[in-house]
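**Student:** My structure is in data.cif, and what it holds is mmCIF, C-alpha atoms:
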```cif
data_model
#
loop_
_atom_site.label_atom_id
_atom_site.label_comp_id
_atom_site.auth_asym_id
_atom_site.auth_seq_id
_atom_site.Cartn_x
_atom_site.Cartn_y
_atom_site.Cartn_z
CA MET A 1 0.00 0.00 0.00
CA ASN A 2 1.29 3.44 -0.93
CA SER A 3 1.74 5.52 2.25
CA ARG A 4 2.53 8.78 0.43
CA SER A 5 -0.06 11.52 0.79
CA PRO A 6 -1.86 12.48 -2.42
CA GLN A 7 -0.21 15.44 -4.14
CA PRO A 8 -2.44 18.24 -5.43
CA PHE A 9 -2.27 19.10 -9.11
CA GLY A 10 -1.14 22.61 -9.94
CA GLY A 11 1.93 24.82 -10.27
CA ASN A 12 3.54 23.54 -7.05
CA SER A 13 2.82 19.87 -7.63
CA SER A 14 5.67 17.42 -8.06
CA PHE A 15 3.54 15.49 -10.53
CA PRO A 16 5.52 15.39 -13.80
CA ILE A 17 3.73 17.33 -16.54
CA GLU A 18 5.77 17.71 -19.70
CA PRO A 19 4.33 19.82 -22.53
CA ALA A 20 4.21 18.26 -25.97
CA GLU A 21 6.82 19.44 -28.45
CA ILE A 22 4.12 21.30 -30.35
CA MET A 23 3.68 23.63 -27.34
CA LYS A 24 7.39 24.34 -27.19
CA ARG A 25 7.36 25.49 -30.82
CA LEU A 26 4.88 28.30 -30.22
CA PRO A 27 6.39 31.77 -30.72
CA LYS A 28 6.73 34.11 -27.78
CA GLN A 29 3.77 36.45 -27.40
CA PHE A 30 5.57 39.78 -27.84
CA PHE A 31 2.62 41.97 -26.93
CA ALA A 32 1.94 40.29 -23.61
CA SER A 33 4.71 42.35 -22.03
CA LEU A 34 3.27 45.52 -23.57
CA VAL A 35 -0.13 44.81 -22.03
CA GLU A 36 1.51 44.23 -18.67
CA ARG A 37 3.34 47.57 -18.85
CA VAL A 38 0.17 49.43 -19.82
CA ASN A 39 -1.85 47.80 -17.04
CA HIS A 40 0.87 48.64 -14.52
CA GLU A 41 0.72 52.32 -15.46
CA ILE A 42 -3.08 52.36 -15.25
CA ALA A 43 -3.03 50.57 -11.89
CA SER A 44 -0.59 53.20 -10.65
CA GLY A 45 -3.24 55.85 -11.29
CA HIS A 46 -1.93 57.30 -14.56
CA ASP A 47 -4.19 58.46 -17.38
CA VAL A 48 -2.88 56.26 -20.18
CA ILE A 49 -4.07 56.88 -23.74
CA ASN A 50 -3.94 53.37 -25.16
CA LEU A 51 -3.26 53.50 -28.90
CA GLY A 52 -1.52 50.14 -28.95
CA GLN A 53 -4.58 47.93 -29.15
CA GLY A 54 -6.38 46.49 -32.14
CA ASN A 55 -9.76 46.14 -30.45
CA PRO A 56 -12.68 48.18 -31.88
CA ASP A 57 -13.82 50.79 -29.39
CA ARG A 58 -17.40 51.24 -30.65
CA PRO A 59 -20.27 48.91 -29.64
CA THR A 60 -21.98 46.47 -31.98
CA PRO A 61 -24.90 48.26 -33.74
CA ASP A 62 -28.18 48.01 -31.84
CA HIS A 63 -30.11 46.16 -34.55
CA ILE A 64 -27.55 43.34 -34.55
CA VAL A 65 -27.65 43.05 -30.75
CA ALA A 66 -31.46 43.03 -30.85
CA ALA A 67 -31.41 40.24 -33.44
CA ALA A 68 -29.21 38.13 -31.18
CA GLN A 69 -31.43 38.79 -28.17
CA THR A 70 -34.53 37.70 -30.05
CA ALA A 71 -32.84 34.66 -31.60
CA ALA A 72 -31.49 33.51 -28.23
CA SER A 73 -35.06 32.70 -27.15
CA ASN A 74 -35.60 30.37 -30.12
CA PRO A 75 -35.51 26.76 -28.82
CA LEU A 76 -34.05 25.63 -32.15
CA TYR A 77 -30.83 27.42 -31.29
CA HIS A 78 -30.62 25.75 -27.89
CA LYS A 79 -29.71 22.53 -29.67
CA TYR A 80 -26.43 21.77 -31.41
CA SER A 81 -26.00 23.80 -34.58
CA PRO A 82 -25.31 21.94 -37.82
CA PHE A 83 -21.63 21.00 -37.81
CA GLN A 84 -20.79 23.32 -40.71
CA GLY A 85 -23.19 26.08 -39.75
CA TYR A 86 -26.58 27.22 -41.01
CA HIS A 87 -27.08 27.66 -44.73
CA PHE A 88 -28.75 31.04 -44.19
CA LEU A 89 -25.51 32.53 -42.87
CA LYS A 90 -23.50 31.23 -45.82
CA GLU A 91 -26.09 32.70 -48.17
CA ALA A 92 -25.81 36.03 -46.35
CA VAL A 93 -22.05 36.34 -46.77
CA ALA A 94 -22.33 35.23 -50.41
CA LYS A 95 -24.89 38.01 -50.95
CA ARG A 96 -22.60 40.55 -49.28
CA TYR A 97 -19.63 39.58 -51.48
CA GLN A 98 -21.78 39.77 -54.60
CA GLU A 99 -23.02 43.25 -53.70
CA ASP A 100 -19.72 44.67 -52.47
CA TYR A 101 -17.17 43.05 -54.78
CA GLY A 102 -19.06 41.44 -57.64
CA VAL A 103 -17.74 38.03 -56.55
CA THR A 104 -20.01 34.99 -56.90
CA LEU A 105 -19.65 32.29 -54.23
CA ASP A 106 -21.34 28.91 -53.87
CA PRO A 107 -22.67 29.00 -50.28
CA GLU A 108 -22.20 25.29 -49.63
CA LYS A 109 -18.97 24.57 -51.48
CA GLU A 110 -17.00 27.82 -51.29
CA ILE A 111 -17.81 29.16 -47.80
CA ALA A 112 -16.73 27.83 -44.40
CA ILE A 113 -17.93 29.40 -41.14
CA LEU A 114 -15.12 30.03 -38.67
CA PHE A 115 -14.76 30.80 -34.96
CA GLY A 116 -13.15 34.15 -35.74
CA GLY A 117 -10.60 35.00 -38.41
CA LYS A 118 -7.68 34.18 -36.11
CA THR A 119 -8.83 30.57 -35.86
CA GLY A 120 -9.02 30.22 -39.62
CA LEU A 121 -5.62 31.76 -40.21
CA VAL A 122 -4.06 29.24 -37.84
CA GLN A 123 -6.08 26.33 -39.23
CA ILE A 124 -4.94 26.72 -42.82
CA SER A 125 -1.39 25.83 -41.82
CA GLN A 126 -2.74 22.72 -40.10
CA ILE A 127 -4.57 21.51 -43.19
CA LEU A 128 -1.87 22.28 -45.77
CA LEU A 129 1.58 22.13 -44.16
CA ASN A 130 3.60 19.15 -42.99
CA PRO A 131 6.66 19.43 -40.74
CA GLY A 132 9.47 20.97 -42.76
CA ASP A 133 7.18 22.53 -45.39
CA LEU A 134 7.65 26.21 -46.21
CA CYS A 135 5.20 29.10 -46.12
CA LEU A 136 5.72 32.70 -47.23
CA VAL A 137 4.87 35.29 -44.57
CA PRO A 138 4.73 39.11 -44.81
CA ASP A 139 7.22 41.04 -42.68
CA PRO A 140 5.90 43.02 -40.86
CA GLY A 141 2.73 41.03 -40.44
CA TYR A 142 0.13 39.62 -38.09
CA PRO A 143 1.98 37.37 -35.60
CA ASP A 144 -0.61 34.59 -35.65
CA TYR A 145 0.60 33.61 -39.12
CA TRP A 146 3.73 32.48 -37.27
CA SER A 147 1.62 30.60 -34.73
CA GLY A 148 -0.03 28.46 -37.39
CA ALA A 149 3.30 27.64 -39.01
CA ALA A 150 4.80 26.73 -35.64
CA LEU A 151 1.94 24.41 -34.75
CA ALA A 152 2.36 22.67 -38.11
CA GLY A 153 6.11 22.34 -37.63
CA ALA A 154 6.61 24.30 -40.86
CA GLU A 155 9.33 26.74 -41.82
CA MET A 156 8.77 30.38 -42.78
CA SER A 157 10.34 32.61 -45.41
CA PHE A 158 9.65 36.28 -44.76
CA MET A 159 8.60 38.68 -47.52
CA PRO A 160 9.73 42.24 -46.69
CA LEU A 161 7.05 44.94 -46.89
CA CYS A 162 8.88 48.20 -47.58
CA ALA A 163 7.71 51.75 -48.14
CA GLU A 164 9.50 51.98 -51.50
CA ASN A 165 7.27 49.18 -52.83
CA HIS A 166 4.10 50.56 -51.18
CA TYR A 167 4.30 47.82 -48.53
CA LEU A 168 3.60 45.10 -51.10
CA PRO A 169 5.84 42.02 -51.35
CA ASP A 170 8.15 41.87 -54.37
CA TYR A 171 7.80 38.36 -55.77
CA ASP A 172 10.97 38.80 -57.85
CA ASP A 173 12.94 39.07 -54.61
CA ILE A 174 11.84 35.64 -53.40
CA SER A 175 14.66 33.16 -53.99
CA PRO A 176 14.11 30.45 -56.65
CA ARG A 177 14.51 27.81 -53.93
CA ASP A 178 11.83 29.34 -51.74
CA ARG A 179 9.46 29.77 -54.68
CA GLU A 180 9.65 26.07 -55.42
CA ARG A 181 9.49 24.92 -51.78
CA ALA A 182 6.65 27.17 -50.63
CA LYS A 183 3.19 25.61 -50.29
CA LEU A 184 1.34 28.52 -48.66
CA MET A 185 1.51 32.33 -48.69
CA PHE A 186 -0.20 34.81 -46.36
CA LEU A 187 -1.29 38.25 -47.58
CA ASN A 188 -3.16 40.96 -45.68
CA TYR A 189 -4.66 44.12 -47.22
CA PRO A 190 -5.73 46.57 -45.94
CA ASN A 191 -2.61 45.79 -43.98
CA ASN A 192 -1.97 45.34 -40.30
CA PRO A 193 0.29 47.01 -39.25
CA THR A 194 1.28 49.28 -42.19
CA ALA A 195 -2.24 50.51 -43.10
CA ALA A 196 -1.41 49.99 -46.81
CA THR A 197 -3.88 48.76 -49.42
CA ALA A 198 -3.38 46.59 -52.50
CA PRO A 199 -4.59 47.29 -56.06
CA LEU A 200 -6.32 44.70 -58.23
CA SER A 201 -3.21 44.48 -60.42
CA PHE A 202 -1.23 43.19 -57.45
CA TYR A 203 -3.73 40.39 -56.87
CA GLU A 204 -3.68 39.54 -60.57
CA ASP A 205 0.10 39.20 -60.36
CA THR A 206 -0.34 37.15 -57.19
CA VAL A 207 -2.65 34.65 -58.92
CA LYS A 208 -0.13 34.18 -61.74
CA PHE A 209 2.76 33.75 -59.29
CA ALA A 210 0.82 31.31 -57.12
CA ALA A 211 -0.40 29.24 -60.08
CA LYS A 212 3.09 29.02 -61.57
CA HIS A 213 4.69 27.78 -58.36
CA GLY A 214 1.85 25.78 -56.82
CA ILE A 215 1.47 28.08 -53.79
CA VAL A 216 -1.87 28.41 -51.98
CA VAL A 217 -2.80 32.02 -51.16
CA ALA A 218 -4.42 32.89 -47.83
CA SER A 219 -5.75 36.44 -48.12
CA ASP A 220 -6.48 37.99 -44.72
CA PHE A 221 -9.22 40.54 -45.49
CA ALA A 222 -10.02 41.42 -41.87
CA TYR A 223 -10.08 45.18 -42.63
CA GLY A 224 -11.77 44.79 -46.00
CA ALA A 225 -14.48 47.37 -45.30
CA ILE A 226 -12.10 50.09 -44.12
CA GLY A 227 -10.66 52.14 -46.96
CA PHE A 228 -10.18 55.89 -47.06
CA ASP A 229 -10.42 58.79 -49.53
CA GLY A 230 -13.39 57.26 -51.30
CA LYS A 231 -11.58 54.04 -52.22
CA ARG A 232 -13.11 50.68 -51.30
CA PRO A 233 -10.41 48.06 -50.60
CA VAL A 234 -10.04 45.40 -53.28
CA SER A 235 -10.79 41.74 -52.51
CA PHE A 236 -8.29 39.10 -53.60
CA LEU A 237 -11.26 37.13 -54.98
CA GLN A 238 -11.91 39.90 -57.51
CA ALA A 239 -8.81 38.79 -59.42
CA GLU A 240 -9.52 36.32 -62.21
CA GLY A 241 -8.49 32.83 -61.14
CA ALA A 242 -8.21 33.69 -57.44
CA LYS A 243 -10.53 30.86 -56.36
CA GLU A 244 -8.29 28.40 -58.20
CA VAL A 245 -5.29 29.21 -56.00
CA GLY A 246 -6.57 30.27 -52.61
CA VAL A 247 -9.07 31.49 -50.06
CA GLU A 248 -9.92 34.78 -48.44
CA TYR A 249 -10.67 35.31 -44.76
CA TYR A 250 -13.51 37.70 -44.03
CA THR A 251 -14.57 38.64 -40.51
CA LEU A 252 -17.37 40.60 -38.91
CA SER A 253 -15.05 41.77 -36.11
CA LYS A 254 -13.97 45.07 -37.61
CA THR A 255 -16.73 45.77 -40.13
CA TYR A 256 -19.54 45.54 -37.58
CA ASN A 257 -17.67 46.02 -34.28
CA MET A 258 -18.30 42.35 -33.48
CA ALA A 259 -14.82 41.30 -32.32
CA GLY A 260 -16.15 39.44 -29.29
CA TRP A 261 -18.80 37.58 -31.29
CA ARG A 262 -16.16 35.48 -33.15
CA VAL A 263 -17.78 35.25 -36.59
CA ALA A 264 -15.66 34.85 -39.71
CA PHE A 265 -15.51 32.95 -42.98
CA ALA A 266 -13.07 31.26 -45.32
CA LEU A 267 -14.15 31.95 -48.90
CA GLY A 268 -12.99 30.61 -52.23
CA ASN A 269 -11.25 27.40 -53.22
CA GLU A 270 -13.66 24.49 -52.90
CA LYS A 271 -11.04 21.93 -51.88
CA ILE A 272 -9.56 24.16 -49.16
CA VAL A 273 -13.02 24.97 -47.82
CA SER A 274 -13.82 21.25 -47.61
CA LEU A 275 -10.57 20.61 -45.72
CA ILE A 276 -11.34 23.42 -43.27
CA ASN A 277 -14.80 21.98 -42.69
CA LEU A 278 -13.33 18.51 -42.18
CA LEU A 279 -10.88 19.76 -39.55
CA GLN A 280 -13.57 21.76 -37.78
CA ASP A 281 -15.90 18.75 -37.76
CA HIS A 282 -13.39 17.15 -35.39
CA ILE A 283 -13.08 20.20 -33.14
CA TYR A 284 -16.30 22.23 -33.08
CA VAL A 285 -20.05 22.05 -33.42
CA SER A 286 -20.43 25.40 -35.18
CA LEU A 287 -21.39 28.75 -33.67
CA PHE A 288 -24.37 29.31 -31.37
CA GLY A 289 -27.36 29.62 -33.70
CA ALA A 290 -28.46 32.96 -32.26
CA ILE A 291 -25.08 34.45 -33.15
CA GLN A 292 -25.40 33.08 -36.67
CA GLU A 293 -28.84 34.70 -36.90
CA ALA A 294 -27.44 38.05 -35.75
CA ALA A 295 -24.52 37.74 -38.18
CA LYS A 296 -27.01 37.21 -41.01
CA VAL A 297 -28.79 40.40 -39.99
CA ALA A 298 -25.49 42.29 -39.95
CA LEU A 299 -24.66 41.14 -43.48
CA THR A 300 -28.08 41.57 -45.09
CA SER A 301 -29.54 44.69 -43.47
CA SER A 302 -28.67 48.29 -44.36
CA GLN A 303 -24.92 48.87 -44.48
CA GLN A 304 -25.20 52.51 -43.43
CA ASN A 305 -23.66 51.68 -40.05
CA VAL A 306 -20.59 50.36 -41.89
CA ARG A 307 -20.31 53.53 -43.96
CA ASP A 308 -20.66 55.62 -40.80
CA LEU A 309 -17.94 53.59 -39.07
CA VAL A 310 -15.51 54.03 -41.96
CA ALA A 311 -16.23 57.78 -41.93
CA THR A 312 -15.44 57.84 -38.20
CA TYR A 313 -12.08 56.14 -38.74
CA GLU A 314 -11.25 58.44 -41.64
CA SER A 315 -12.05 61.50 -39.54
CA ARG A 316 -9.87 60.15 -36.73
CA ARG A 317 -7.08 59.48 -39.22
CA ASN A 318 -7.26 63.06 -40.47
CA VAL A 319 -7.20 64.46 -36.94
CA LEU A 320 -4.20 62.31 -36.03
CA PHE A 321 -2.13 63.20 -39.06
CA THR A 322 -2.95 66.89 -38.78
CA ALA A 323 -1.73 66.80 -35.18
CA LEU A 324 1.41 64.87 -36.20
CA ASP A 325 2.18 67.50 -38.82
CA GLU A 326 1.83 70.24 -36.21
CA ILE A 327 4.59 68.74 -34.05
CA GLY A 328 6.82 68.02 -37.05
CA TRP A 329 6.35 64.24 -37.14
CA GLU A 330 6.32 63.38 -40.83
CA ALA A 331 4.32 60.30 -41.77
CA GLU A 332 2.45 58.75 -44.70
CA LYS A 333 -1.32 58.84 -44.27
CA SER A 334 -3.06 55.52 -43.71
CA LYS A 335 -4.88 54.19 -46.78
CA GLY A 336 -6.96 51.61 -44.94
CA SER A 337 -7.50 49.60 -41.73
CA PHE A 338 -7.79 51.43 -38.40
CA PHE A 339 -4.06 51.85 -37.84
CA ALA A 340 -1.29 54.33 -38.56
CA TRP A 341 2.31 53.26 -39.22
CA LEU A 342 4.81 55.84 -38.01
CA HIS A 343 8.61 56.17 -38.13
CA VAL A 344 10.36 56.44 -34.76
CA PRO A 345 12.75 59.37 -34.24
CA LYS A 346 16.51 59.02 -34.55
CA GLY A 347 18.24 57.53 -31.56
CA HIS A 348 15.48 55.05 -30.80
CA ASP A 349 14.40 51.60 -31.87
CA SER A 350 10.72 50.72 -31.90
CA ASP A 351 10.66 49.09 -28.47
CA SER A 352 12.68 51.79 -26.70
CA PHE A 353 10.49 54.49 -28.23
CA ALA A 354 7.31 52.71 -27.20
CA LYS A 355 8.62 52.41 -23.65
CA LEU A 356 9.55 56.11 -23.61
CA LEU A 357 6.09 57.17 -24.76
CA LEU A 358 4.43 55.06 -22.11
CA GLU A 359 6.74 56.19 -19.30
CA LYS A 360 6.99 59.91 -20.16
CA ALA A 361 3.83 60.72 -22.13
CA LYS A 362 1.53 57.98 -20.82
CA VAL A 363 0.70 57.02 -24.40
CA ALA A 364 0.71 53.32 -25.33
CA VAL A 365 1.67 52.26 -28.87
CA ALA A 366 2.69 48.95 -30.43
CA PRO A 367 6.41 48.58 -31.30
CA GLY A 368 6.95 47.61 -34.92
CA ILE A 369 9.47 44.90 -34.04
CA GLY A 370 6.57 42.88 -32.62
CA PHE A 371 5.33 42.38 -36.20
CA GLY A 372 8.63 41.18 -37.62
CA ARG A 373 12.19 42.27 -38.36
CA HIS A 374 11.14 44.77 -41.03
CA GLY A 375 8.83 46.43 -38.53
CA GLU A 376 11.85 47.80 -36.72
CA GLY A 377 12.00 51.59 -36.86
CA PHE A 378 8.21 51.98 -36.72
CA ILE A 379 5.35 52.03 -34.24
CA ARG A 380 1.73 51.12 -34.87
CA VAL A 381 -0.94 53.53 -33.61
CA GLY A 382 -4.59 52.50 -33.42
CA LEU A 383 -7.36 54.87 -34.51
CA LEU A 384 -9.45 53.41 -31.72
CA SER A 385 -9.90 56.39 -29.43
CA GLU A 386 -12.03 59.49 -29.77
CA GLU A 387 -10.58 62.42 -31.71
CA GLU A 388 -9.87 64.51 -28.63
CA ARG A 389 -7.85 61.66 -27.13
CA LEU A 390 -5.86 61.30 -30.34
CA ARG A 391 -5.07 65.03 -30.29
CA GLU A 392 -4.14 64.82 -26.62
CA ALA A 393 -1.84 61.87 -27.29
CA VAL A 394 0.07 63.73 -30.00
CA LEU A 395 0.23 66.87 -27.82
CA ARG A 396 1.81 64.85 -25.00
CA ILE A 397 4.34 63.34 -27.40
CA GLY A 398 5.12 66.74 -28.85
CA LYS A 399 6.07 68.03 -25.40
CA LEU A 400 8.93 65.51 -25.30
CA GLY A 401 10.73 67.60 -27.94
CA LEU A 402 11.71 64.68 -30.15
CA PHE A 403 10.60 66.18 -33.48
#
```
Show me, as structure tokens, the structure contained in the file I just sent.

**Tutor:**
Amino acid sequence: MNSRSPQPFGGNSSFPIEPAEIMKRLPKQFFASLVERVNHEIASGHDVINLGQGNPDRPTPDHIVAAAQTAASNPLYHKYSPFQGYHFLKEAVAKRYQEDYGVTLDPEKEIAILFGGKTGLVQISQILLNPGDLCLVPDPGYPDYWSGAALAGAEMSFMPLCAENHYLPDYDDISPRDRERAKLMFLNYPNNPTAATAPLSFYEDTVKFAAKHGIVVASDFAYGAIGFDGKRPVSFLQAEGAKEVGVEYYTLSKTYNMAGWRVAFALGNEKIVSLINLLQDHIYVSLFGAIQEAAKVALTSSQQNVRDLVATYESRRNVLFTALDEIGWEAEKSKGSFFAWLHVPKGHDSDSFAKLLLEKAKVAVAPGIGFGRHGEGFIRVGLLSEEERLREAVLRIGKLGLF
């Protein structure tokens, strides 16, 4: 008989818990330390203007909330949803793409419902990449592209996004070896973090490049509704042949201020959509039906709230860049998304400058290095505070005398 006392599970337990190798491959979460620093300043009683986040600051429109409230009382939605979601929601996003981009989608074969865009962007690496396979990743870019590659045990080749090429990757600069090895490529326009947009001609070139080298394209269209100066962002699927070589990720998070609702879609290539559905069949039983009902309402009702939201972000952008100009901080105006991408002053790298702004001006920004090596020398600023707070943030920075 064992006379040892039972040991409790937990952080202090001597019970041997060894993480799987897949957990050890995950990249370090760079922005966790930023959040900690911001929270420390706030807890210390400081008035921090947080421009480092990517979380919409406006509430979900009332008519969408009301639709969810009504649908939540429907007993049908208290049961398991169909594994691959309700057909009415797929029809709704197909209708939206037809109206906004002139793109025709088969609701059942070319649309997968996702638990948020982040989930889908990680999943595509799981369904396409084996250990040792190569994917092409924008630099700077959204860090969760790295997470998916790490979980798949794949390798990454980074595509520099530079101002001189309008923050678009130059396919001619990709080595012949990487072109032939690559199985997957991530793109993201309007871009996080650079706030650049992509023209249709770029996507047409992308389709040709991908078809020639057998590379699947994953177009992250999270900010697809947010374009400025009267220009609607272009969808990858508008390029002829796009559905032959890839999928696009579309989310309600930014367009309808529904980040917490976790509704997104993978759209395009029939085979990829079927693989996504197959993987999700083993993990999920689709979204709560009431949320799917509300998402349908968001997509099919008047889009005036979307136009109003874009106008709000454009007004904030204009206020920010006018204030930057007044303190002598030269920067290129954002073309889309709800971010601004700004050079740091001489004598600083992106992380040291971000720390200085938080410590001395009580303004939080995201250091560019957190988005990749080519993000060094920049900070990302979110247009996710009211105009007076944006002006106040720039005024505080101006008082540091750095420009």

**Student:** Name the residues, using the chain letters and numbers of the file, that sit within 10 Å of (-30.4, 31.1, -33.7) when counting all atoms listed in the file, and give them as an MDAnalysis selection string.

**Tutor:** chainID A and resid 67:79 81 86 287:295

**Student:** Hey, which of A:Ile369, A:Ile113, A:Val381, A:Phe228 ends up closest to A:Ala340? Count only C-alpha atoms.

**Tutor:**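 The answer is A:Val381, which sits nearest to A:Ala340.
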
**Student:** Can you pull out the residues contacting A:Phe83? Cut-off 7 Å, using all atoms listed in the file, and skip same-chain residues under 5 positions away; I want them as a PyMOL selection string.

**Tutor:** chain A and resi 281+285-286

**Student:** Tell me which protein, DNA and RNA residues are within 9 Å of stretch 370-373 of chain A, counting all atoms listed in the file, leaving out same-chain ones fewer than 2 positions away, and put them as a ChimeraX atom specification.

**Tutor:** /A:29-31,138-143,158,160,192-193,350-351,366-368,375-376

**Student:** Neighbours of A:Gly268 within 6 Å (all atoms listed in the file; same-chain residues fewer than 3 positions away dropped), as a PyMOL selection string?

**Tutor:** chain A and resi 110+243+247

**Student:** Excluding A:Ser315 and any residue of its chain fewer than 4 positions from it, enumerate the residues within 12 Å of it, using all atoms listed in the file, and give them as a ChimeraX atom specification.

**Tutor:** /A:228-229,308-311,319-322,334,338,383-388,390

**Student:** Figure out the distance between atom CA of A:Asp220 and atom CA of A:Lys335, please, to one decimal in Å.

**Tutor:**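 According to the coordinates, atom CA of A:Lys335 and atom CA of A:Asp220 are separated by 16.4 Å.
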
**Student:** Would you mind putting back N, CA, C and O atoms on stretch 351-362 of chain A, then writing it out as a PDB file, in the frame of the given file?

**Tutor:**
```pdb
ATOM      1  N   ASP A 351      11.023  49.464 -29.832  1.00  0.00           N
ATOM      2  CA  ASP A 351      10.660  49.090 -28.470  1.00  0.00           C
ATOM      3  C   ASP A 351      11.056  50.180 -27.468  1.00  0.00           C
ATOM      4  O   ASP A 351      10.288  50.514 -26.559  1.00  0.00           O
ATOM      5  N   SER A 352      12.245  50.741 -27.631  1.00  0.00           N
ATOM      6  CA  SER A 352      12.680  51.790 -26.700  1.00  0.00           C
ATOM      7  C   SER A 352      11.790  53.028 -26.811  1.00  0.00           C
ATOM      8  O   SER A 352      11.475  53.680 -25.819  1.00  0.00           O
ATOM      9  N   PHE A 353      11.360  53.327 -28.035  1.00  0.00           N
ATOM     10  CA  PHE A 353      10.490  54.490 -28.230  1.00  0.00           C
ATOM     11  C   PHE A 353       9.115  54.246 -27.618  1.00  0.00           C
ATOM     12  O   PHE A 353       8.545  55.140 -26.966  1.00  0.00           O
ATOM     13  N   ALA A 354       8.603  53.037 -27.792  1.00  0.00           N
ATOM     14  CA  ALA A 354       7.310  52.710 -27.200  1.00  0.00           C
ATOM     15  C   ALA A 354       7.364  52.810 -25.674  1.00  0.00           C
ATOM     16  O   ALA A 354       6.440  53.320 -25.035  1.00  0.00           O
ATOM     17  N   LYS A 355       8.458  52.314 -25.099  1.00  0.00           N
ATOM     18  CA  LYS A 355       8.620  52.410 -23.650  1.00  0.00           C
ATOM     19  C   LYS A 355       8.706  53.855 -23.194  1.00  0.00           C
ATOM     20  O   LYS A 355       8.121  54.241 -22.173  1.00  0.00           O
ATOM     21  N   LEU A 356       9.425  54.693 -23.960  1.00  0.00           N
ATOM     22  CA  LEU A 356       9.550  56.110 -23.610  1.00  0.00           C
ATOM     23  C   LEU A 356       8.192  56.792 -23.638  1.00  0.00           C
ATOM     24  O   LEU A 356       7.857  57.559 -22.714  1.00  0.00           O
ATOM     25  N   LEU A 357       7.400  56.519 -24.671  1.00  0.00           N
ATOM     26  CA  LEU A 357       6.090  57.170 -24.760  1.00  0.00           C
ATOM     27  C   LEU A 357       5.191  56.760 -23.604  1.00  0.00           C
ATOM     28  O   LEU A 357       4.442  57.583 -23.079  1.00  0.00           O
ATOM     29  N   LEU A 358       5.263  55.504 -23.211  1.00  0.00           N
ATOM     30  CA  LEU A 358       4.430  55.060 -22.110  1.00  0.00           C
ATOM     31  C   LEU A 358       4.903  55.668 -20.789  1.00  0.00           C
ATOM     32  O   LEU A 358       4.093  56.139 -19.983  1.00  0.00           O
ATOM     33  N   GLU A 359       6.204  55.697 -20.566  1.00  0.00           N
ATOM     34  CA  GLU A 359       6.740  56.190 -19.300  1.00  0.00           C
ATOM     35  C   GLU A 359       6.624  57.709 -19.172  1.00  0.00           C
ATOM     36  O   GLU A 359       6.269  58.233 -18.112  1.00  0.00           O
ATOM     37  N   LYS A 360       6.915  58.445 -20.244  1.00  0.00           N
ATOM     38  CA  LYS A 360       6.990  59.910 -20.160  1.00  0.00           C
ATOM     39  C   LYS A 360       5.723  60.623 -20.618  1.00  0.00           C
ATOM     40  O   LYS A 360       5.408  61.707 -20.106  1.00  0.00           O
ATOM     41  N   ALA A 361       5.021  60.052 -21.609  1.00  0.00           N
ATOM     42  CA  ALA A 361       3.830  60.720 -22.130  1.00  0.00           C
ATOM     43  C   ALA A 361       2.545  60.004 -21.743  1.00  0.00           C
ATOM     44  O   ALA A 361       1.456  60.519 -21.975  1.00  0.00           O
ATOM     45  N   LYS A 362       2.683  58.818 -21.170  1.00  0.00           N
ATOM     46  CA  LYS A 362       1.530  57.980 -20.820  1.00  0.00           C
ATOM     47  C   LYS A 362       0.659  57.709 -22.055  1.00  0.00           C
ATOM     48  O   LYS A 362      -0.570  57.750 -22.007  1.00  0.00           O
TER      49      LYS A 362
END
```
